[in-house]
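*Asks:* I'm passing along entry-v8.txt; it holds compact mmCIF, C-alpha atoms.
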# COMPACT_ATOMS: atom_id res chain seq x y z
CA MET A 1 67.65 13.61 141.43
CA SER A 2 65.73 10.37 142.04
CA GLU A 3 62.85 11.69 139.94
CA SER A 4 65.07 12.33 136.94
CA THR A 5 66.76 8.90 136.97
CA PRO A 6 63.94 6.98 135.24
CA THR A 7 63.81 9.59 132.48
CA THR A 8 67.56 9.28 131.88
CA THR A 9 67.37 5.49 131.92
CA ASN A 10 64.49 5.46 129.46
CA SER A 11 66.38 7.82 127.18
CA ASN A 12 69.49 5.62 127.22
CA THR A 13 67.40 2.51 126.56
CA SER A 14 65.65 4.20 123.66
CA GLU A 15 68.97 5.25 122.14
CA ALA A 16 70.33 1.71 122.53
CA LEU A 17 67.26 0.23 120.85
CA ASP A 18 67.52 2.76 118.03
CA SER A 19 71.18 1.85 117.60
CA ILE A 20 70.37 -1.86 117.45
CA ALA A 21 67.57 -1.24 114.95
CA THR A 22 69.89 0.86 112.79
CA THR A 23 72.58 -1.83 112.91
CA GLU A 24 70.10 -4.56 112.00
CA GLU A 25 68.72 -2.47 109.14
CA ALA A 26 72.22 -1.80 107.81
CA GLN A 27 73.03 -5.53 108.07
CA ALA A 28 69.84 -6.42 106.21
CA ILE A 29 70.72 -3.98 103.43
CA ALA A 30 74.25 -5.40 103.25
CA ASN A 31 72.86 -8.96 103.06
CA ARG A 32 70.50 -8.01 100.24
CA GLY A 33 73.39 -6.37 98.38
CA ALA A 34 75.55 -9.48 98.83
CA LYS A 35 72.75 -11.72 97.53
CA THR A 36 72.28 -9.45 94.51
CA ARG A 37 76.03 -9.52 93.79
CA GLN A 38 75.99 -13.29 94.10
CA LEU A 39 73.08 -13.64 91.68
CA LEU A 40 74.78 -11.38 89.13
CA GLY A 41 78.15 -13.10 89.52
CA MET A 42 79.93 -10.08 90.94
CA LYS A 43 82.85 -9.71 93.30
CA GLY A 44 82.01 -9.45 96.99
CA ALA A 45 79.11 -11.91 97.02
CA ALA A 46 78.01 -14.16 99.89
CA PRO A 47 77.23 -17.89 100.06
CA GLY A 48 73.97 -19.42 101.18
CA GLU A 49 71.75 -19.54 98.09
CA THR A 50 69.67 -22.73 97.97
CA SER A 51 67.49 -22.26 94.88
CA ILE A 52 69.03 -24.38 92.12
CA TRP A 53 67.75 -22.02 89.41
CA LYS A 54 69.30 -18.99 91.09
CA ILE A 55 72.53 -20.95 91.45
CA ARG A 56 72.46 -21.83 87.75
CA LEU A 57 71.89 -18.17 86.92
CA GLN A 58 74.74 -17.13 89.18
CA LEU A 59 77.06 -19.53 87.34
CA MET A 60 76.19 -17.76 84.07
CA LYS A 61 77.27 -14.38 85.56
CA PRO A 62 74.54 -12.11 84.11
CA ILE A 63 76.68 -9.04 84.76
CA THR A 64 79.00 -10.21 81.95
CA TRP A 65 76.22 -10.44 79.37
CA ILE A 66 75.79 -6.70 79.01
CA PRO A 67 78.94 -5.93 76.93
CA LEU A 68 78.19 -8.77 74.51
CA MET A 69 74.59 -7.70 74.06
CA TRP A 70 75.86 -4.17 73.47
CA GLY A 71 78.29 -5.54 70.89
CA VAL A 72 75.33 -6.84 68.90
CA ILE A 73 73.89 -3.31 68.83
CA CYS A 74 77.23 -1.93 67.59
CA GLY A 75 77.32 -4.58 64.85
CA ALA A 76 73.78 -3.73 63.76
CA ALA A 77 74.84 -0.06 63.58
CA SER A 78 77.98 -0.82 61.56
CA SER A 79 75.98 -2.81 59.02
CA GLY A 80 74.35 0.44 57.89
CA GLU A 81 71.22 -1.54 57.08
CA TYR A 82 69.39 -1.67 60.39
CA THR A 83 65.95 -0.07 60.33
CA TRP A 84 63.53 0.36 63.21
CA THR A 85 60.92 -2.25 62.34
CA LEU A 86 59.28 -4.63 64.80
CA GLU A 87 60.88 -7.60 63.07
CA ASN A 88 64.36 -6.08 63.29
CA VAL A 89 63.93 -5.22 66.96
CA PHE A 90 62.84 -8.78 67.68
CA LYS A 91 65.68 -10.16 65.54
CA ALA A 92 68.22 -8.06 67.46
CA ALA A 93 66.74 -9.21 70.79
CA VAL A 94 67.10 -12.86 69.76
CA CYS A 95 70.70 -12.17 68.72
CA MET A 96 71.35 -10.63 72.14
CA LEU A 97 69.95 -13.80 73.72
CA LEU A 98 72.50 -15.74 71.68
CA SER A 99 75.49 -13.54 72.55
CA GLY A 100 74.59 -12.92 76.20
CA PRO A 101 72.77 -15.66 78.16
CA LEU A 102 73.64 -18.56 75.85
CA MET A 103 77.21 -18.08 74.57
CA ALA A 104 78.54 -15.85 77.36
CA GLY A 105 76.74 -18.04 79.90
CA TYR A 106 78.37 -21.13 78.40
CA VAL A 107 81.84 -19.57 78.56
CA GLN A 108 81.36 -18.32 82.13
CA ILE A 109 80.26 -21.72 83.44
CA LEU A 110 83.08 -23.42 81.55
CA ASN A 111 85.51 -21.00 83.15
CA ASP A 112 84.10 -21.63 86.63
CA TYR A 113 84.32 -25.39 86.06
CA TYR A 114 88.01 -25.29 85.17
CA ASP A 115 88.78 -22.58 87.74
CA ARG A 116 87.17 -24.27 90.72
CA GLU A 117 90.52 -24.66 92.48
CA ILE A 118 91.40 -20.98 91.97
CA ASP A 119 87.92 -19.89 93.04
CA ALA A 120 88.32 -21.93 96.23
CA ILE A 121 91.09 -19.45 97.10
CA ASN A 122 89.84 -16.18 95.56
CA GLU A 123 86.05 -16.56 95.60
CA PRO A 124 85.05 -19.50 97.83
CA TYR A 125 81.42 -18.34 97.77
CA ARG A 126 81.12 -19.28 94.08
CA PRO A 127 78.62 -22.14 93.49
CA ILE A 128 81.11 -24.90 92.59
CA PRO A 129 83.76 -24.47 95.32
CA SER A 130 81.04 -23.83 97.92
CA GLY A 131 79.32 -27.10 96.98
CA ALA A 132 76.03 -25.39 96.12
CA ILE A 133 75.84 -27.35 92.85
CA SER A 134 77.34 -30.68 91.82
CA VAL A 135 79.90 -31.07 89.05
CA PRO A 136 77.62 -33.32 86.89
CA GLN A 137 74.91 -30.64 87.04
CA VAL A 138 77.45 -28.04 85.93
CA ILE A 139 78.58 -30.17 82.97
CA THR A 140 74.97 -30.70 81.89
CA GLN A 141 74.32 -26.95 81.96
CA ILE A 142 77.42 -26.31 79.84
CA TRP A 143 76.21 -28.68 77.13
CA VAL A 144 72.65 -27.36 77.18
CA LEU A 145 73.82 -23.77 76.68
CA LEU A 146 76.31 -24.70 73.95
CA ILE A 147 73.84 -26.77 71.91
CA ALA A 148 71.08 -24.17 72.33
CA GLY A 149 73.50 -21.42 71.24
CA ILE A 150 74.64 -23.20 68.07
CA ALA A 151 71.03 -24.06 67.18
CA LEU A 152 69.91 -20.45 67.68
CA ALA A 153 72.86 -19.17 65.61
CA PHE A 154 71.81 -21.44 62.73
CA THR A 155 68.23 -20.17 63.06
CA LEU A 156 69.43 -16.56 62.85
CA ASP A 157 71.43 -17.38 59.70
CA LYS A 158 68.27 -18.70 58.09
CA TRP A 159 66.27 -15.71 59.32
CA ALA A 160 68.84 -13.28 57.91
CA GLY A 161 68.92 -15.13 54.59
CA ASN A 162 72.68 -15.77 54.79
CA GLU A 163 73.83 -18.16 52.04
CA PHE A 164 76.94 -18.94 54.08
CA PRO A 165 76.18 -19.70 57.78
CA THR A 166 78.21 -16.74 59.02
CA ILE A 167 76.54 -16.42 62.42
CA THR A 168 76.83 -20.17 63.06
CA THR A 169 80.52 -20.02 62.14
CA ILE A 170 81.10 -17.13 64.54
CA ALA A 171 79.29 -19.04 67.29
CA LEU A 172 81.42 -22.14 66.68
CA ILE A 173 84.67 -20.14 66.67
CA GLY A 174 83.58 -18.22 69.76
CA SER A 175 82.66 -21.38 71.66
CA PHE A 176 86.02 -22.95 70.71
CA VAL A 177 87.95 -19.85 71.86
CA GLY A 178 85.94 -19.88 75.09
CA TYR A 179 86.89 -23.53 75.60
CA ILE A 180 90.63 -23.16 75.00
CA TYR A 181 90.61 -20.00 77.14
CA SER A 182 89.70 -22.05 80.22
CA ALA A 183 90.50 -25.70 79.47
CA PRO A 184 93.85 -27.48 79.46
CA PRO A 185 96.12 -28.18 77.73
CA LEU A 186 96.07 -24.78 75.99
CA LYS A 187 94.29 -22.82 78.75
CA LEU A 188 94.98 -19.44 77.20
CA LYS A 189 94.30 -17.63 80.45
CA GLN A 190 97.57 -19.07 81.81
CA ASN A 191 99.27 -16.50 79.56
CA GLY A 192 98.31 -12.93 80.38
CA TRP A 193 98.59 -11.67 76.79
CA LEU A 194 96.81 -14.51 75.00
CA GLY A 195 94.13 -14.91 77.63
CA SER A 196 93.32 -11.22 77.89
CA TYR A 197 93.16 -10.80 74.12
CA ALA A 198 90.92 -13.86 73.76
CA LEU A 199 88.63 -12.31 76.36
CA GLY A 200 88.72 -8.92 74.62
CA ALA A 201 87.82 -10.49 71.27
CA SER A 202 85.01 -12.43 72.91
CA TYR A 203 83.53 -9.22 74.27
CA ILE A 204 83.95 -7.10 71.14
CA THR A 205 84.74 -8.97 67.90
CA PHE A 206 82.36 -11.92 68.15
CA PRO A 207 79.13 -10.10 69.15
CA TRP A 208 79.92 -7.15 66.87
CA CYS A 209 80.48 -9.37 63.82
CA THR A 210 77.37 -11.37 64.71
CA GLY A 211 75.20 -8.24 64.80
CA HIS A 212 76.73 -7.01 61.55
CA ALA A 213 76.16 -10.36 59.81
CA LEU A 214 72.55 -10.42 61.00
CA PHE A 215 71.62 -7.19 59.21
CA GLY A 216 74.34 -6.75 56.58
CA GLU A 217 77.16 -8.57 54.85
CA LEU A 218 80.20 -9.22 57.00
CA ASN A 219 83.51 -8.38 55.29
CA TRP A 220 87.17 -8.56 56.23
CA LYS A 221 87.41 -4.84 57.03
CA ILE A 222 84.83 -5.17 59.80
CA VAL A 223 86.61 -8.23 61.18
CA VAL A 224 89.98 -6.42 61.21
CA LEU A 225 88.53 -3.26 62.77
CA THR A 226 86.84 -5.19 65.55
CA LEU A 227 89.99 -7.21 66.18
CA ILE A 228 91.87 -3.91 66.59
CA TYR A 229 89.14 -2.63 68.91
CA SER A 230 89.57 -5.87 70.86
CA LEU A 231 93.06 -4.72 71.81
CA ALA A 232 91.32 -2.03 73.85
CA GLY A 233 89.15 -4.85 75.20
CA LEU A 234 92.39 -6.61 76.18
CA GLY A 235 93.01 -3.70 78.53
CA ILE A 236 89.55 -4.12 80.04
CA ALA A 237 90.19 -7.86 80.46
CA ILE A 238 93.39 -7.11 82.40
CA VAL A 239 91.34 -5.14 84.93
CA ASN A 240 89.54 -8.37 85.85
CA ASP A 241 92.87 -10.04 86.70
CA PHE A 242 93.64 -7.77 89.64
CA LYS A 243 90.97 -9.37 91.85
CA SER A 244 92.64 -12.81 91.56
CA VAL A 245 96.35 -11.98 91.84
CA GLU A 246 96.82 -14.07 94.98
CA GLY A 247 95.20 -17.21 93.59
CA ASP A 248 96.86 -16.82 90.17
CA ARG A 249 100.28 -16.52 91.79
CA LYS A 250 99.75 -19.59 93.99
CA LEU A 251 98.60 -21.73 91.05
CA GLY A 252 101.21 -20.47 88.60
CA LEU A 253 98.87 -18.62 86.21
CA GLN A 254 100.78 -15.92 84.35
CA SER A 255 98.27 -13.08 84.37
CA LEU A 256 99.80 -9.69 83.61
CA PRO A 257 99.63 -8.49 87.26
CA VAL A 258 101.55 -11.63 88.21
CA MET A 259 104.04 -11.32 85.31
CA PHE A 260 104.80 -7.61 85.58
CA GLY A 261 103.62 -6.62 89.04
CA VAL A 262 100.50 -4.67 89.95
CA THR A 263 101.75 -1.17 89.06
CA THR A 264 103.24 -2.03 85.65
CA ALA A 265 100.24 -4.15 84.72
CA ALA A 266 97.94 -1.23 85.58
CA TRP A 267 99.87 1.02 83.19
CA ILE A 268 99.80 -1.63 80.43
CA CYS A 269 96.06 -1.88 80.94
CA VAL A 270 95.29 1.84 80.59
CA VAL A 271 97.69 2.33 77.67
CA MET A 272 96.00 -0.48 75.73
CA ILE A 273 92.56 0.96 76.42
CA ASP A 274 93.47 4.49 75.36
CA VAL A 275 95.83 3.86 72.44
CA PHE A 276 93.62 1.51 70.47
CA GLN A 277 90.49 3.59 70.94
CA THR A 278 92.53 6.52 69.65
CA ALA A 279 93.63 4.37 66.69
CA ILE A 280 89.97 3.75 65.82
CA ALA A 281 89.31 7.50 66.05
CA ALA A 282 92.22 8.09 63.67
CA TYR A 283 90.70 5.59 61.25
CA LEU A 284 87.38 7.42 61.39
CA ILE A 285 89.20 10.61 60.40
CA TYR A 286 90.86 8.66 57.56
CA ILE A 287 87.44 7.67 56.16
CA HIS A 288 86.22 11.28 56.58
CA GLU A 289 83.87 10.59 59.50
CA ASN A 290 85.30 13.55 61.41
CA LEU A 291 82.30 14.28 63.63
CA TYR A 292 82.16 10.69 64.89
CA ALA A 293 85.93 10.74 65.42
CA ALA A 294 85.64 13.90 67.54
CA ILE A 295 82.87 12.37 69.65
CA LEU A 296 84.96 9.23 70.18
CA ILE A 297 87.95 11.31 71.32
CA LEU A 298 85.71 13.22 73.73
CA LEU A 299 84.58 9.88 75.19
CA ILE A 300 88.20 8.80 75.72
CA ILE A 301 88.99 11.85 77.87
CA PRO A 302 86.83 10.91 80.89
CA GLN A 303 88.25 7.38 80.74
CA ILE A 304 91.75 8.82 81.13
CA THR A 305 90.49 10.97 84.00
CA PHE A 306 89.06 7.98 85.89
CA GLN A 307 92.21 5.99 85.22
CA ASP A 308 94.18 8.68 87.04
CA MET A 309 91.60 9.18 89.80
CA TYR A 310 91.03 5.52 90.66
CA PHE A 311 92.79 2.76 88.84
CA LEU A 312 96.43 3.88 88.65
CA ARG A 313 96.42 5.01 92.28
CA ASP A 314 95.25 1.65 93.68
CA PRO A 315 94.25 -0.97 91.08
CA LEU A 316 93.60 -3.66 93.71
CA LYS A 317 91.18 -1.51 95.68
CA ASN A 318 89.61 0.54 92.90
CA ASP A 319 89.22 -1.96 90.03
CA VAL A 320 85.44 -2.23 90.37
CA LYS A 321 85.00 1.50 90.97
CA TYR A 322 87.08 2.26 87.87
CA GLN A 323 85.10 -0.14 85.69
CA ALA A 324 81.80 1.29 86.87
CA SER A 325 82.87 4.87 86.16
CA ALA A 326 84.91 4.49 82.94
CA GLN A 327 83.40 1.62 80.98
CA PRO A 328 80.16 3.42 80.07
CA PHE A 329 82.29 5.85 78.05
CA LEU A 330 84.13 2.99 76.34
CA VAL A 331 80.95 1.19 75.29
CA LEU A 332 79.40 4.46 74.06
CA GLY A 333 82.55 4.93 72.00
CA MET A 334 82.00 1.50 70.45
CA LEU A 335 78.52 2.54 69.33
CA VAL A 336 79.85 5.81 67.92
CA ALA A 337 82.43 3.84 65.91
CA GLY A 338 79.71 1.45 64.72
CA LEU A 339 77.48 4.29 63.56
CA ALA A 340 80.41 5.91 61.77
CA ILE A 341 81.29 2.70 59.93
CA GLY A 342 77.65 2.18 58.96
CA HIS A 343 77.39 5.77 57.76
CA ALA A 344 80.57 5.38 55.69
CA GLY A 345 79.34 2.14 54.17
CA ILE A 346 82.48 0.18 55.00
So that I can check it, write out the structure of this file as structure tokens.
*Replies:*
Amino acid sequence: MSESTPTTTNSNTSEALDSIATTEEAQAIANRGAKTRQLLGMKGAAPGETSIWKIRLQLMKPITWIPLMWGVICGAASSGEYTWTLENVFKAAVCMLLSGPLMAGYVQILNDYYDREIDAINEPYRPIPSGAISVPQVITQIWVLLIAGIALAFTLDKWAGNEFPTITTIALIGSFVGYIYSAPPLKLKQNGWLGSYALGASYITFPWCTGHALFGELNWKIVVLTLIYSLAGLGIAIVNDFKSVEGDRKLGLQSLPVMFGVTTAAWICVVMIDVFQTAIAAYLIYIHENLYAAILILLIIPQITFQDMYFLRDPLKNDVKYQASAQPFLVLGMLVAGLAIGHAGI
């Protein structure tokens, strides 16, 4: 028995070391994931970033740029005049820079600036409440992004040959809506309906109309259609409110989960998403774009499935999982609607 003891001890030591190594590796992976989430401006991030440029990027929440950049693509499709030339590709890329990093970045930083007290409760790792960046630096970044965005919008108007500065006008309206969404005294986000719709329009109407105006002539029908589509975007905006219920309630912000309770707000959210996408599909049938309408309806079905699987069962726990699984179908549906409108020549 004495001869076997060292072997047993060595085996136990080896297993312990392996366990420690595995734990350290898992922790390292978790830390990298937290840093990535922080850089992208996602929920579940961790503090500790020291690079001022990474902090500035985090404030701009790159994860939120994607829908607006996609909206530009949908607008280009709905214009019916986009062609695959090198100039048009470059023009679209510049327009995405306007809608995503510049204008969305401006709105996100503005929102963080006015929400620093709420973030201190809900997301204390954010750059402003954590003290990673000073308030004067934040204000400077807001102005730089706003001025650069308006200047780029004017440049795109000239590039597109627009007699009326349509893109510049959209940028000015969008920046104003972004301001009153976050800033007192109006602070639209204090009202669940107004704030969510303003957010939905910012994600759908503004970039879509910008892309359309860049390659075609923007008309009232496109504006109305995108405003209707933004009611589905209102539902998406409500999803974002579930992560901050506690802070909203403490500070008296009337988000829909606070106004109606978590369960009712979840149902309002999914009904808005499904009904107004279906309304767009019905319009596509009305203009005889039946194939596109059928594809759009097929893209709504998996969204309803994920709503039942994740969101309605536990919206507080599954909000991110639901968005990750269902939103790709929603944004594909937007492109289908854009292609249909372009094909119909609306």
*Asks:* Mind giving me the straight-line distance from atom CA of A:Thr205 to atom CA of A:Val138 in Å, one decimal?
*Replies:* 27.2 Å
*Asks:* May I ask which of the residues A:Pro129, A:Gly105, A:Gly211, A:Gly71 is the closest one to A:Leu57, counting all atoms listed in the file?
*Replies:*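 Using all atoms listed in the file, the shortest distance to A:Leu57 belongs to A:Gly105.
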*Asks:* Please compute the atom CA of A:Glu117-atom CA of A:Ser202 distance, one decimal, in Å.
*Replies:* 23.7 Å
*Asks:* Using Å and a single decimal, report how far atom CA of A:Gly338 sits from atom CA of A:Ala77.
*Replies:*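 Those two atoms sit 5.2 Å apart.
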*Asks:* So, with all atoms listed in the file as the atoms that count, which of A:Ser244, A:Ser196, A:Asn191, A:Gln277 lies closest to A:Tyr229?
*Replies:*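 Looking only at the distances to A:Tyr229, the closest residue turns out to be A:Gln277.
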*Asks:* From the options A:Lys158, A:Gln58, A:Asp248, A:Glu163, which residue's atoms come nearest to A:Ile128, counting all atoms listed in the file?
*Replies:* A:Gln58
*Asks:* Find the residues around A:Ile297 up to 12 Å (all atoms listed in the file counted), leave out those fewer than 2 positions away in its own chain, and share them as an MDAnalysis selection string.
*Replies:* chainID A and resid 274:285 290:295 299:304 329:330 332:334 336:337
*Asks:* A:Ala344: which residues within 10 Å, counting all atoms listed in the file, same-chain residues fewer than 5 positions away excluded, as a JSON list (two decimals) with C-alpha atoms, in the coordinates of the input?
*Replies:*
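Contents of the output file result35.json:
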[["chain", "number", "residue", "atom", "x", "y", "z"],
["A", 78, "SER", "CA", 77.98, -0.82, 61.56],
["A", 79, "SER", "CA", 75.98, -2.81, 59.02],
["A", 80, "GLY", "CA", 74.35, 0.44, 57.89],
["A", 284, "LEU", "CA", 87.38, 7.42, 61.39],
["A", 287, "ILE", "CA", 87.44, 7.67, 56.16],
["A", 288, "HIS", "CA", 86.22, 11.28, 56.58],
["A", 289, "GLU", "CA", 83.87, 10.59, 59.50],
["A", 338, "GLY", "CA", 79.71, 1.45, 64.72],
["A", 339, "LEU", "CA", 77.48, 4.29, 63.56]]
*Asks:* If we count only C-alpha atoms, what is near stretch 218-224 of chain A at a cut-off of 8 Å, once residues fewer than 2 positions away on the same chain are taken out, given as a list in words?
*Replies:*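 Surrounding residues, per the criterion: Ser79, Thr205, Cys209, His212, Ala213, Gly216, Thr226, Leu227, Ile228 and Ile346 of chain A.
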*Asks:* What residues have an atom no more than 8 Å from (73.6, -10.9, 66.6) in the file's own frame, counting all atoms listed in the file, and can you write them as a ChimeraX atom specification?
*Replies:* /A:72-73,75-76,92,94-96,98-99,156,167,207-214
*Asks:* Output as a short mmCIF file (atom, residue, chain, number, x, y, z; two decimals), in the frame of the given file: stretch 333-346 of chain A, completed with N, CA and C atoms.
*Replies:*
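Output file result-v4.cif follows:
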data_model
loop_
_atom_site.label_atom_id
_atom_site.label_comp_id
_atom_site.auth_asym_id
_atom_site.auth_seq_id
_atom_site.Cartn_x
_atom_site.Cartn_y
_atom_site.Cartn_z
N GLY A 333 81.60 4.73 73.10
CA GLY A 333 82.55 4.93 72.00
C GLY A 333 82.45 3.83 70.96
N MET A 334 82.20 2.60 71.40
CA MET A 334 82.00 1.50 70.45
C MET A 334 80.80 1.77 69.54
N LEU A 335 79.72 2.25 70.14
CA LEU A 335 78.52 2.54 69.33
C LEU A 335 78.78 3.68 68.36
N VAL A 336 79.50 4.70 68.81
CA VAL A 336 79.85 5.81 67.92
C VAL A 336 80.65 5.29 66.73
N ALA A 337 81.63 4.40 67.00
CA ALA A 337 82.43 3.84 65.91
C ALA A 337 81.55 3.00 64.97
N GLY A 338 80.61 2.24 65.53
CA GLY A 338 79.71 1.45 64.72
C GLY A 338 78.84 2.30 63.82
N LEU A 339 78.31 3.38 64.37
CA LEU A 339 77.48 4.29 63.56
C LEU A 339 78.30 4.94 62.45
N ALA A 340 79.54 5.30 62.77
CA ALA A 340 80.41 5.91 61.77
C ALA A 340 80.71 4.94 60.63
N ILE A 341 81.00 3.69 60.97
CA ILE A 341 81.29 2.70 59.93
C ILE A 341 80.07 2.43 59.08
N GLY A 342 78.89 2.36 59.72
CA GLY A 342 77.65 2.18 58.96
C GLY A 342 77.36 3.34 58.04
N HIS A 343 77.62 4.57 58.55
CA HIS A 343 77.39 5.77 57.76
C HIS A 343 78.34 5.82 56.56
N ALA A 344 79.57 5.35 56.77
CA ALA A 344 80.57 5.38 55.69
C ALA A 344 80.36 4.25 54.69
N GLY A 345 79.58 3.25 55.07
CA GLY A 345 79.34 2.14 54.17
C GLY A 345 80.54 1.23 54.01
N ILE A 346 81.28 1.04 55.08
CA ILE A 346 82.48 0.18 55.00
C ILE A 346 82.09 -1.29 54.78
#
